$ cat run-v4.cif   # mmCIF, C-alpha atoms and all ligand atoms
data_entry
#
loop_
_atom_site.label_atom_id
_atom_site.label_comp_id
_atom_site.auth_asym_id
_atom_site.auth_seq_id
_atom_site.Cartn_x
_atom_site.Cartn_y
_atom_site.Cartn_z
CA MET A 1 106.76 104.69 66.21
CA LYS A 2 104.76 104.66 69.44
CA THR A 3 104.20 100.90 69.10
CA LEU A 4 107.94 100.38 68.80
CA TYR A 5 108.44 102.36 72.01
CA TYR A 6 105.68 100.35 73.73
CA LYS A 7 107.27 97.08 72.59
CA PHE A 8 110.63 98.19 73.93
CA MET A 9 109.07 99.14 77.29
CA ALA A 10 107.19 95.83 77.49
CA PHE A 11 110.48 94.01 76.89
CA VAL A 12 112.24 96.00 79.63
CA VAL A 13 109.38 95.54 82.14
CA THR A 14 109.12 91.82 81.37
CA TRP A 15 112.77 91.19 82.08
CA LEU A 16 112.91 93.49 85.11
CA LEU A 17 109.97 91.66 86.67
CA ARG A 18 111.53 88.31 85.86
CA LEU A 19 114.98 89.12 87.15
CA LEU A 20 114.30 91.24 90.23
CA PRO A 21 115.57 89.44 93.31
CA ARG A 22 112.74 88.79 95.74
CA ASN A 23 112.10 86.86 98.90
CA ALA A 24 109.00 84.73 99.28
CA PRO A 25 107.05 85.58 102.44
CA MET A 26 106.36 83.07 105.20
CA VAL A 27 102.65 82.30 104.80
CA TYR A 28 100.24 81.20 107.56
CA LYS A 29 96.90 80.03 106.27
CA GLY A 30 93.44 79.15 107.55
CA ALA A 31 91.06 80.26 110.30
CA GLY A 32 93.00 81.80 113.18
CA SER A 33 96.22 82.20 111.19
CA SER A 34 96.33 85.95 111.96
CA LEU A 35 96.84 84.97 115.61
CA VAL A 36 99.62 82.58 114.65
CA LEU A 37 101.23 85.46 112.76
CA ALA A 38 100.86 87.74 115.80
CA GLU A 39 102.61 85.10 117.91
CA GLN A 40 105.62 85.15 115.61
CA VAL A 41 106.29 88.82 116.38
CA SER A 42 107.71 88.12 119.83
CA LEU A 43 109.39 84.89 118.70
CA LEU A 44 111.22 86.93 116.08
CA GLY A 45 112.43 89.26 118.84
CA PHE A 46 110.44 92.44 118.18
CA ASN A 47 109.48 94.41 121.30
CA LYS A 48 107.23 97.06 119.81
CA VAL A 49 105.29 97.20 116.52
CA LEU A 50 103.12 99.64 114.61
CA ILE A 51 99.71 98.30 113.60
CA VAL A 52 98.59 100.04 110.40
CA THR A 53 94.87 99.95 109.57
CA ASP A 54 91.97 102.21 108.57
CA GLU A 55 89.49 103.96 110.83
CA PHE A 56 86.60 101.61 110.10
CA LEU A 57 88.60 98.43 110.71
CA GLY A 58 90.30 100.01 113.74
CA GLY A 59 86.91 100.49 115.38
CA SER A 60 85.38 97.21 114.20
CA GLY A 61 86.91 94.79 116.67
CA ILE A 62 88.75 92.99 113.83
CA LEU A 63 92.08 93.78 115.53
CA ASP A 64 91.09 92.57 118.99
CA GLY A 65 92.51 89.05 118.65
CA ILE A 66 95.78 90.28 117.19
CA LYS A 67 96.18 92.95 119.89
CA ALA A 68 95.40 90.41 122.64
CA LYS A 69 97.96 87.97 121.25
CA LEU A 70 100.65 90.68 121.07
CA THR A 71 99.96 91.71 124.66
CA GLU A 72 99.91 88.07 125.82
CA THR A 73 103.34 87.54 124.26
CA GLY A 74 104.80 90.72 125.73
CA VAL A 75 104.88 92.84 122.54
CA GLU A 76 103.92 96.51 122.82
CA PHE A 77 102.10 98.20 119.95
CA ALA A 78 100.99 101.58 118.64
CA VAL A 79 98.11 101.93 116.17
CA PHE A 80 97.98 104.16 113.08
CA ASP A 81 94.45 104.08 111.64
CA GLY A 82 94.71 107.03 109.28
CA VAL A 83 94.75 105.16 105.96
CA LEU A 84 92.03 106.17 103.47
CA PRO A 85 90.99 104.26 100.31
CA ASP A 86 93.56 104.79 97.53
CA PRO A 87 96.06 106.10 100.09
CA ALA A 88 97.90 109.34 99.47
CA PHE A 89 101.53 109.97 100.38
CA ASP A 90 100.65 112.31 103.29
CA GLN A 91 98.98 109.34 105.03
CA VAL A 92 102.18 107.36 104.52
CA GLN A 93 104.19 110.23 106.04
CA ASN A 94 101.78 110.49 109.00
CA GLY A 95 102.06 106.75 109.64
CA GLU A 96 105.84 106.88 109.44
CA ALA A 97 105.88 109.79 111.93
CA VAL A 98 103.92 107.66 114.45
CA LEU A 99 106.28 104.74 113.83
CA ARG A 100 109.28 106.98 114.50
CA THR A 101 107.84 108.71 117.59
CA GLU A 102 106.74 105.39 119.07
CA LYS A 103 110.09 103.74 118.23
CA CYS A 104 108.46 100.70 116.61
CA GLU A 105 110.68 97.95 115.25
CA ALA A 106 108.29 96.35 112.75
CA VAL A 107 104.94 96.98 111.03
CA ILE A 108 101.76 94.86 111.07
CA ALA A 109 99.28 95.80 108.33
CA VAL A 110 95.68 94.70 108.91
CA GLY A 111 93.36 95.82 106.13
CA GLY A 112 92.51 95.82 102.45
CA GLY A 113 94.84 96.77 99.62
CA SER A 114 94.81 100.43 100.67
CA VAL A 115 96.12 99.62 104.15
CA LEU A 116 98.62 97.05 102.87
CA ASP A 117 100.00 99.47 100.27
CA ALA A 118 100.27 102.31 102.80
CA ALA A 119 101.99 100.00 105.32
CA LYS A 120 104.46 98.77 102.68
CA MET A 121 105.40 102.37 101.97
CA ILE A 122 105.55 103.33 105.68
CA ALA A 123 107.99 100.48 106.35
CA LEU A 124 110.08 101.43 103.30
CA LEU A 125 110.03 105.20 103.92
CA HIS A 126 111.25 104.75 107.50
CA LEU A 127 114.65 103.54 106.31
CA ASN A 128 114.67 105.44 102.99
CA PRO A 129 113.61 109.03 103.77
CA GLY A 130 112.35 110.86 100.68
CA THR A 131 109.44 112.21 98.66
CA LEU A 132 106.96 110.16 96.62
CA ASP A 133 108.86 111.13 93.45
CA ASP A 134 111.94 109.40 94.87
CA PHE A 135 110.05 106.07 94.83
CA ASP A 136 108.18 106.54 91.52
CA GLY A 137 109.33 103.71 89.27
CA ILE A 138 111.05 100.40 89.66
CA GLN A 139 113.41 99.44 92.50
CA LYS A 140 114.18 103.01 93.62
CA ALA A 141 114.77 102.46 97.36
CA LYS A 142 118.37 101.87 98.43
CA ARG A 143 117.71 99.91 101.61
CA PRO A 144 115.10 97.34 102.66
CA GLY A 145 112.25 98.66 104.81
CA LEU A 146 111.36 97.62 108.35
CA PRO A 147 110.11 94.02 108.73
CA LEU A 148 106.50 93.82 107.58
CA PHE A 149 103.68 91.47 108.64
CA ALA A 150 100.56 91.52 106.43
CA VAL A 151 97.02 90.41 107.25
CA PRO A 152 94.74 91.11 104.28
CA THR A 153 91.09 91.70 105.25
CA THR A 154 89.84 91.68 101.63
CA ALA A 155 90.44 88.97 99.04
CA GLY A 156 91.34 90.93 95.96
CA THR A 157 94.45 92.99 95.54
CA GLY A 158 97.05 90.35 96.40
CA SER A 159 99.12 93.24 97.78
CA GLU A 160 100.35 90.87 100.51
CA ILE A 161 102.57 89.15 97.92
CA THR A 162 103.20 91.82 95.30
CA LEU A 163 106.18 94.13 94.99
CA ALA A 164 103.91 97.10 94.29
CA ALA A 165 102.17 99.85 96.23
CA VAL A 166 99.82 102.27 94.52
CA ILE A 167 100.12 105.65 96.21
CA THR A 168 98.12 108.71 95.22
CA ASP A 169 99.82 112.02 94.56
CA PRO A 170 96.89 114.42 95.07
CA ALA A 171 98.79 117.47 93.79
CA ALA A 172 99.51 115.81 90.44
CA HIS A 173 96.11 113.97 90.30
CA ARG A 174 98.10 110.80 89.77
CA LYS A 175 98.26 107.28 91.20
CA VAL A 176 101.96 106.49 91.45
CA PRO A 177 102.92 102.83 91.07
CA VAL A 178 105.85 102.19 93.39
CA VAL A 179 107.48 98.92 92.33
CA ASP A 180 110.14 97.59 94.64
CA SER A 181 110.76 94.00 95.70
CA LYS A 182 112.01 95.29 99.07
CA MET A 183 108.34 95.95 99.92
CA ILE A 184 107.18 92.34 99.74
CA PRO A 185 106.00 91.49 103.26
CA GLY A 186 108.08 88.95 105.17
CA TYR A 187 105.11 87.32 106.93
CA VAL A 188 101.54 86.91 105.67
CA ALA A 189 98.39 85.46 107.25
CA LEU A 190 95.55 84.42 104.94
CA ASP A 191 92.85 84.23 107.60
CA PRO A 192 89.24 83.67 106.44
CA GLU A 193 87.97 84.57 109.95
CA ILE A 194 89.23 88.12 109.39
CA MET A 195 87.35 88.31 106.09
CA LYS A 196 83.97 87.02 107.15
CA GLY A 197 82.59 90.45 108.08
CA MET A 198 83.35 91.85 104.63
CA PRO A 199 80.06 93.18 103.16
CA PRO A 200 78.78 91.51 99.95
CA GLY A 201 79.50 94.55 97.76
CA ILE A 202 83.16 94.68 98.84
CA THR A 203 83.47 90.88 98.59
CA ALA A 204 82.20 91.06 94.99
CA ALA A 205 84.32 94.02 93.91
CA THR A 206 87.58 92.83 95.47
CA GLY A 207 86.99 89.30 94.13
CA MET A 208 86.63 90.75 90.63
CA ASP A 209 89.98 92.52 91.14
CA ALA A 210 91.56 89.13 91.90
CA LEU A 211 89.91 87.63 88.81
CA THR A 212 91.23 90.50 86.70
CA HIS A 213 94.76 89.95 88.04
CA ALA A 214 94.58 86.25 87.21
CA VAL A 215 93.17 86.73 83.71
CA GLU A 216 95.41 89.67 82.78
CA SER A 217 98.43 87.75 84.04
CA TYR A 218 97.44 84.71 82.00
CA LEU A 219 97.13 86.88 78.89
CA SER A 220 100.35 88.80 79.54
CA ARG A 221 103.23 88.34 77.13
CA ALA A 222 105.43 88.09 80.21
CA SER A 223 103.65 85.03 81.59
CA THR A 224 105.74 81.96 82.34
CA GLU A 225 104.89 78.38 83.17
CA SER A 226 104.89 79.11 86.90
CA THR A 227 102.74 82.27 86.67
CA GLU A 228 100.31 80.37 84.45
CA VAL A 229 99.94 77.64 87.07
CA GLN A 230 99.18 80.30 89.71
CA ALA A 231 96.79 82.24 87.47
CA ARG A 232 94.88 79.06 86.61
CA ALA A 233 94.62 78.13 90.30
CA ALA A 234 93.21 81.57 91.05
CA VAL A 235 90.65 81.38 88.22
CA ARG A 236 89.54 77.93 89.34
CA LEU A 237 89.09 79.09 92.95
CA ILE A 238 87.29 82.31 91.98
CA PHE A 239 84.80 80.50 89.74
CA LYS A 240 84.13 78.06 92.57
CA TYR A 241 84.00 80.41 95.52
CA LEU A 242 83.44 84.09 94.71
CA VAL A 243 79.66 84.00 94.31
CA ARG A 244 79.42 81.68 97.32
CA ALA A 245 81.39 84.12 99.50
CA PHE A 246 79.22 86.96 98.15
CA LYS A 247 75.99 85.13 99.04
CA ASP A 248 77.11 83.90 102.45
CA GLY A 249 79.94 85.78 104.13
CA ASN A 250 80.11 83.10 106.83
CA ASP A 251 80.90 80.35 104.30
CA MET A 252 84.39 79.75 105.61
CA GLU A 253 85.38 77.33 102.85
CA ALA A 254 84.53 80.01 100.28
CA ARG A 255 86.34 82.75 102.25
CA ASP A 256 89.37 80.49 102.56
CA GLY A 257 89.29 79.73 98.82
CA MET A 258 89.04 83.42 97.93
CA ALA A 259 91.93 84.36 100.26
CA MET A 260 94.07 81.79 98.47
CA ALA A 261 92.83 82.90 95.03
CA SER A 262 93.77 86.50 95.71
CA PHE A 263 97.23 85.41 96.89
CA TYR A 264 97.85 83.21 93.82
CA ALA A 265 96.62 85.94 91.48
CA GLY A 266 98.92 88.45 93.23
CA ALA A 267 101.86 86.06 92.93
CA ALA A 268 101.15 85.68 89.20
CA PHE A 269 100.60 89.32 88.25
CA GLY A 270 103.51 90.44 90.44
CA ARG A 271 105.72 88.75 87.85
CA THR A 272 103.77 89.46 84.66
CA SER A 273 102.03 92.76 85.31
CA VAL A 274 98.47 93.40 84.10
CA GLY A 275 96.80 94.89 80.98
CA TYR A 276 94.20 97.28 79.55
CA VAL A 277 91.57 96.42 82.19
CA HIS A 278 93.83 97.91 84.86
CA GLY A 279 94.99 100.64 82.49
CA ILE A 280 91.37 101.86 82.19
CA ALA A 281 90.28 100.99 85.76
CA HIS A 282 93.03 103.11 87.31
CA GLN A 283 91.75 106.14 85.38
CA LEU A 284 88.19 105.54 86.65
CA GLY A 285 89.60 105.47 90.18
CA ARG A 286 91.53 108.66 89.57
CA VAL A 287 88.77 110.62 87.82
CA CYS A 288 85.59 109.30 89.47
CA GLY A 289 86.87 107.77 92.72
CA THR A 290 85.50 104.38 91.63
CA PRO A 291 86.74 101.64 94.01
CA HIS A 292 89.43 99.62 92.27
CA GLY A 293 87.59 96.28 92.12
CA ASN A 294 84.37 97.90 90.88
CA ALA A 295 86.30 99.70 88.15
CA ASN A 296 87.87 96.45 86.96
CA ALA A 297 84.49 94.71 86.95
CA MET A 298 83.02 97.49 84.77
CA VAL A 299 85.43 96.82 81.91
CA LEU A 300 86.84 93.28 82.27
CA PRO A 301 84.50 91.45 79.82
CA GLU A 302 84.50 94.39 77.41
CA VAL A 303 88.32 94.54 77.24
CA LEU A 304 88.56 90.77 76.79
CA SER A 305 86.09 90.95 73.89
CA ALA A 306 87.97 93.87 72.35
CA TYR A 307 91.30 91.99 72.34
CA GLY A 308 89.64 89.62 69.86
CA GLU A 309 91.20 86.64 68.19
CA CYS A 310 94.68 86.93 69.72
CA VAL A 311 93.37 85.96 73.17
CA HIS A 312 90.93 83.22 72.11
CA PRO A 313 93.28 80.26 72.69
CA ARG A 314 94.21 81.50 76.17
CA LEU A 315 90.63 82.31 77.19
CA ALA A 316 89.59 78.93 75.78
CA ASP A 317 92.11 77.29 78.16
CA LEU A 318 90.49 79.08 81.07
CA ALA A 319 87.00 78.12 79.86
CA ARG A 320 88.00 74.44 79.75
CA LEU A 321 89.54 74.78 83.19
CA VAL A 322 86.21 75.86 84.69
CA GLU A 323 84.24 73.46 82.48
CA LEU A 324 82.45 75.97 80.28
CA GLY A 325 81.29 75.43 76.70
CA GLU A 326 80.04 72.47 74.72
CA PRO A 327 82.26 69.49 73.88
CA GLY A 328 83.97 70.12 70.54
CA ALA A 329 83.53 73.90 70.79
CA THR A 330 86.10 76.08 68.98
CA ASP A 331 88.49 78.39 70.82
CA ARG A 332 86.40 81.35 69.72
CA GLN A 333 83.24 79.79 71.18
CA LEU A 334 85.02 78.82 74.40
CA ALA A 335 86.50 82.32 74.77
CA GLY A 336 82.97 83.71 74.29
CA ALA A 337 81.64 81.33 76.96
CA PHE A 338 84.34 82.48 79.40
CA ILE A 339 83.54 86.16 78.81
CA ASP A 340 79.78 85.46 79.13
CA ALA A 341 80.41 83.70 82.45
CA ILE A 342 82.17 86.82 83.78
CA VAL A 343 79.24 88.97 82.64
CA GLU A 344 76.88 86.57 84.43
CA MET A 345 79.02 86.68 87.61
CA ARG A 346 78.95 90.48 87.47
CA ARG A 347 75.14 90.42 87.06
CA GLU A 348 74.58 87.88 89.83
CA MET A 349 76.59 89.97 92.29
CA GLU A 350 74.78 93.14 91.17
CA LEU A 351 78.02 94.98 90.51
CA PRO A 352 77.54 98.52 89.16
CA LEU A 353 78.17 98.87 85.43
CA GLN A 354 78.99 102.57 85.37
CA PRO A 355 81.05 104.86 87.63
CA LYS A 356 79.34 107.68 89.47
CA ASP A 357 79.70 111.06 87.81
CA LEU A 358 81.64 110.14 84.68
CA LYS A 359 81.33 113.09 82.28
CA ALA A 360 81.83 113.11 78.51
CA HIS A 361 84.60 115.71 78.89
CA ASP A 362 86.56 113.27 81.11
CA VAL A 363 86.72 110.63 78.38
CA PRO A 364 89.64 111.96 76.26
CA GLY A 365 91.92 112.21 79.35
CA ILE A 366 90.95 108.70 80.43
CA ILE A 367 91.75 107.32 76.97
CA ASP A 368 95.13 109.10 76.81
CA GLU A 369 96.24 107.93 80.24
CA ALA A 370 94.94 104.37 79.76
CA LEU A 371 96.82 104.06 76.46
CA LYS A 372 99.97 105.43 78.08
CA GLU A 373 99.72 103.18 81.13
CA ALA A 374 98.85 99.94 79.36
CA GLY A 375 101.11 100.58 76.38
CA GLY A 376 104.06 101.93 78.35
CA LEU A 377 104.02 99.61 81.35
CA TYR A 378 102.23 96.35 80.62
CA PRO A 379 103.22 93.48 78.30
CA VAL A 380 99.68 93.36 76.84
CA PRO A 381 98.63 90.67 74.36
CA ARG A 382 98.16 93.36 71.70
CA TYR A 383 98.11 97.16 71.53
CA MET A 384 94.71 98.83 71.23
CA SER A 385 93.92 101.99 69.31
CA ALA A 386 92.43 105.10 70.90
CA ASP A 387 89.15 104.29 69.11
CA GLU A 388 88.98 100.84 70.65
CA VAL A 389 89.53 102.23 74.16
CA ARG A 390 87.04 105.05 73.43
CA HIS A 391 84.41 102.45 72.52
CA ILE A 392 84.91 100.72 75.89
CA VAL A 393 84.93 103.95 77.93
CA ASN A 394 81.92 105.50 76.14
CA ARG A 395 79.78 102.60 77.34
CA LEU A 396 80.45 103.77 80.89
CA LEU A 397 78.76 107.16 80.31
CA PRO A 398 75.19 107.57 81.57
CA ALA A 399 72.61 107.21 78.75
N1 LIG B 1 99.84 96.60 95.72
C1 LIG B 1 99.20 95.97 94.80
O1 LIG B 1 99.74 95.06 94.20
C2 LIG B 1 97.79 96.35 94.47
C3 LIG B 1 97.06 95.60 93.54
C4 LIG B 1 95.75 95.98 93.28
C5 LIG B 1 95.19 97.08 93.94
N2 LIG B 1 95.94 97.81 94.83
C6 LIG B 1 95.38 98.97 95.55
O2 LIG B 1 94.58 98.48 96.63
C7 LIG B 1 93.57 99.44 96.92
C8 LIG B 1 92.22 98.77 96.98
O3 LIG B 1 92.21 97.79 97.98
P1 LIG B 1 90.90 96.95 98.33
O4 LIG B 1 90.16 96.69 97.08
O5 LIG B 1 91.30 95.81 99.17
O6 LIG B 1 90.01 97.99 99.16
P2 LIG B 1 90.36 98.97 100.37
O7 LIG B 1 91.55 98.52 101.12
O8 LIG B 1 90.38 100.37 99.83
O9 LIG B 1 89.08 98.78 101.30
C9 LIG B 1 87.79 99.14 100.82
C10 LIG B 1 86.84 99.27 102.01
O10 LIG B 1 86.61 97.99 102.58
C11 LIG B 1 86.71 98.05 103.99
N3 LIG B 1 87.11 96.72 104.45
C12 LIG B 1 88.28 96.10 104.21
N4 LIG B 1 88.28 94.86 104.76
C13 LIG B 1 87.08 94.71 105.37
C14 LIG B 1 86.49 93.65 106.13
N5 LIG B 1 87.09 92.49 106.34
N6 LIG B 1 85.25 93.86 106.63
C15 LIG B 1 84.58 95.02 106.39
N7 LIG B 1 85.08 96.05 105.67
C16 LIG B 1 86.33 95.89 105.18
C17 LIG B 1 87.73 99.13 104.24
O11 LIG B 1 87.59 99.68 105.54
C18 LIG B 1 87.40 100.14 103.14
O12 LIG B 1 86.38 101.02 103.55
C19 LIG B 1 93.68 100.52 95.85
O13 LIG B 1 94.39 101.62 96.37
C20 LIG B 1 94.46 99.84 94.74
O14 LIG B 1 95.14 100.76 93.93
C21 LIG B 1 97.21 97.44 95.10
FE FE B 2 94.04 95.28 90.70
#
$ encode --input "run-v4.cif" --output "structure tokens"
Amino acid sequence: MKTLYYKFMAFVVTWLLRLLPRNAPMVYKGAGSSLVLAEQVSLLGFNKVLIVTDEFLGGSGILDGIKAKLTETGVEFAVFDGVLPDPAFDQVQNGEAVLRTEKCEAVIAVGGGSVLDAAKMIALLHLNPGTLDDFDGIQKAKRPGLPLFAVPTTAGTGSEITLAAVITDPAAHRKVPVVDSKMIPGYVALDPEIMKGMPPGITAATGMDALTHAVESYLSRASTESTEVQARAAVRLIFKYLVRAFKDGNDMEARDGMAMASFYAGAAFGRTSVGYVHGIAHQLGRVCGTPHGNANAMVLPEVLSAYGECVHPRLADLARLVELGEPGATDRQLAGAFIDAIVEMRREMELPLQPKDLKAHDVPGIIDEALKEAGGLYPVPRYMSADEVRHIVNRLLPA
């Protein structure tokens, strides 16, 4: 009975994601592109903007070039740097209050997925006053938000191209997925210069988030020819550049490749949604505070193995794409080689294998919510049983 309900939901989500009207952002790419984006603000006629960021980035000097360009072109700005990782709705409300008091006409988000998501919601909330519950779900806002410019400083979430924002509701201990194509930024800069100061641990974790988006999109029942092209491009770039960017943050070719990979993966999963890796990872974030990319990395190979035979042909495609496996290998062997390569990547970048402070009594809640999220929201390649998810989650407990 439950599987029937899940299948129905997967059908609805698939078609909603396919049919939702959406505008493609204007994209500026390459070293210095964040300054080109900043230049557009005055050209587009905005007199005052709100820069949304977090406290660390706000104090890091990363914004200096953008601020200087705005000033040079006669654009005033206010700064809201109150976004925390996995942003909660009160931070969105605080940012919107600054926007309103300062009478800003547009929003520039400079940060990782947390900042981008908060900024998307700030811009939307400004013209659609309401509570978080009012936005919980698909396409709930009545009007578009304020114009939004996005400069991602991590290469992972793809939030700069997706129609989603993940906002925490602390009272309900819940991460609320707000899905609304009116939140897709209008202007995006993929600037490797902005990413070069990203520490290796964050580079690794956010890159594994991008890989998870690409792979889960490729395995999604909602994938189409165009999302498959984007997912494959992302996988190719990540296999070529992620470990390089991890080892040498100043490798601009690798940073550039990862910025593009994250964008392609975001474009793909924004139309296909994700799968059990995200279903489980979101619970680890909620229960243990595990950063999103780290949580994905902890379970990506294990979930791919658990899917079994039904994903072998698709994973074999990806293995061939990145030239893994022996000539003449079967799909099963190639799928195994692809999963092993992810395990090796995880090992090489010394990503943690277990969340901090996961307790045995947390496991049943994690399983329930992961089954609900993946089954109810994502067009997964096949439905897993509670035992299968338990097997994956139990491995995350300390010995
Ligand atoms: N909207 C979407 O489609 C989507 C998709 C996936 C994840 N998410 C959400 O994105 C959030 C995670 O985003 P994230 O993984 O980018 O991390 P993040 O934005 O939470 O940032 C993590 C840390 O990295 C720091 N940081 C960011 N850029 C840096 C840089 N260039 N140099 C040095 N430090 C830097 C930040 O200050 C922060 O302390 C989660 O809330 C997740 O739910 C959203
Ligand atoms: Fe993700």
$ closest_residue --input "run-v4.cif" --among "A:Asp256, A:Glu302, A:Asp251, A:Glu193" --to "ligand LIG 1 (chain B)" --atoms "all atoms listed in the file"
A:Glu193
$ residues_near_ligand --input "run-v4.cif" --ligand "ligand FE 2 (chain B)" --cutoff "7 Å" --atoms "only C-alpha atoms and all ligand atoms" --output "list in words"
Thr157, Asp209, Ala210, Thr212, His213, His278, His292 and Gly293 of chain A
$ write_last_selection --input "run-v4.cif" --atoms "C-alpha atoms" --output "mmCIF file, keeping the file's coordinate frame"
data_model
loop_
_atom_site.group_PDB
_atom_site.id
_atom_site.type_symbol
_atom_site.label_atom_id
_atom_site.label_comp_id
_atom_site.auth_asym_id
_atom_site.auth_seq_id
_atom_site.Cartn_x
_atom_site.Cartn_y
_atom_site.Cartn_z
ATOM 1 C CA THR A 157 94.450 92.990 95.540
ATOM 2 C CA ASP A 209 89.980 92.520 91.140
ATOM 3 C CA ALA A 210 91.560 89.130 91.900
ATOM 4 C CA THR A 212 91.230 90.500 86.700
ATOM 5 C CA HIS A 213 94.760 89.950 88.040
ATOM 6 C CA HIS A 278 93.830 97.910 84.860
ATOM 7 C CA HIS A 292 89.430 99.620 92.270
ATOM 8 C CA GLY A 293 87.590 96.280 92.120
#
$ residues_near_ligand --input "run-v4.cif" --ligand "ligand LIG 1 (chain B)" --cutoff "8 Å" --atoms "all atoms listed in the file" --output "JSON, numbers by chain"
{"A": [54, 55, 56, 57, 62, 84, 85, 86, 87, 111, 112, 113, 114, 115, 116, 117, 152, 153, 154, 155, 156, 157, 158, 159, 160, 161, 162, 163, 164, 165, 166, 167, 175, 194, 195, 196, 197, 198, 199, 202, 205, 206, 209, 266, 270, 282, 291, 292, 293]}
$ closest_residue --input "run-v4.cif" --among "A:Phe77, A:Tyr383, A:Phe246, A:Phe338" --to "Ala306 (chain A)" --atoms "all atoms listed in the file"
A:Tyr383
$ closest_residue --input "run-v4.cif" --among "A:Val98, A:Val389, A:Ala267, A:Leu377" --to "Tyr5 (chain A)" --atoms "only C-alpha atoms"
A:Leu377
$ axis_aligned_box --input "run-v4.cif" --around "region 314-332 of chain A" --padding-each-side "8 Å" --output "lines of an AutoDock Vina configuration file"
center_x = 87.1
center_y = 75.9
center_z = 76.8
size_x = 30.2
size_y = 28.8
size_z = 31.7
$ closest_residue --input "run-v4.cif" --among "A:Thr227, A:Gln283, A:Ser220, A:Thr330" --to "Val363 (chain A)" --atoms "all atoms listed in the file"
A:Gln283
$ closest_residue --input "run-v4.cif" --among "A:Met349, A:Val188, A:Ala319, A:Met208" --to "Asp248 (chain A)" --atoms "all atoms listed in the file"
A:Met349
$ closest_residue --input "run-v4.cif" --among "A:Lys356, A:Arg332, A:Lys372, A:Lys120" --to "Pro185 (chain A)" --atoms "only C-alpha atoms"
A:Lys120
$ residues_around --input "run-v4.cif" --residues "Leu300 (chain A)" --least-positions-apart "4" --cutoff "12 Å" --atoms "all atoms listed in the file" --output "NGL selection string"
:A and (205 or 208-216 or 274-281 or 293-296 or 304-307 or 338-343 or 345-346 or 353 or 392-393)
$ residues_near_point --input "run-v4.cif" --point "(98.2, 106.1, 109.9)" --cutoff "8 Å" --atoms "all atoms listed in the file" --output "VMD selection string"
chain A and resid 52 to 54 79 to 83 91 to 92 94 to 96 98
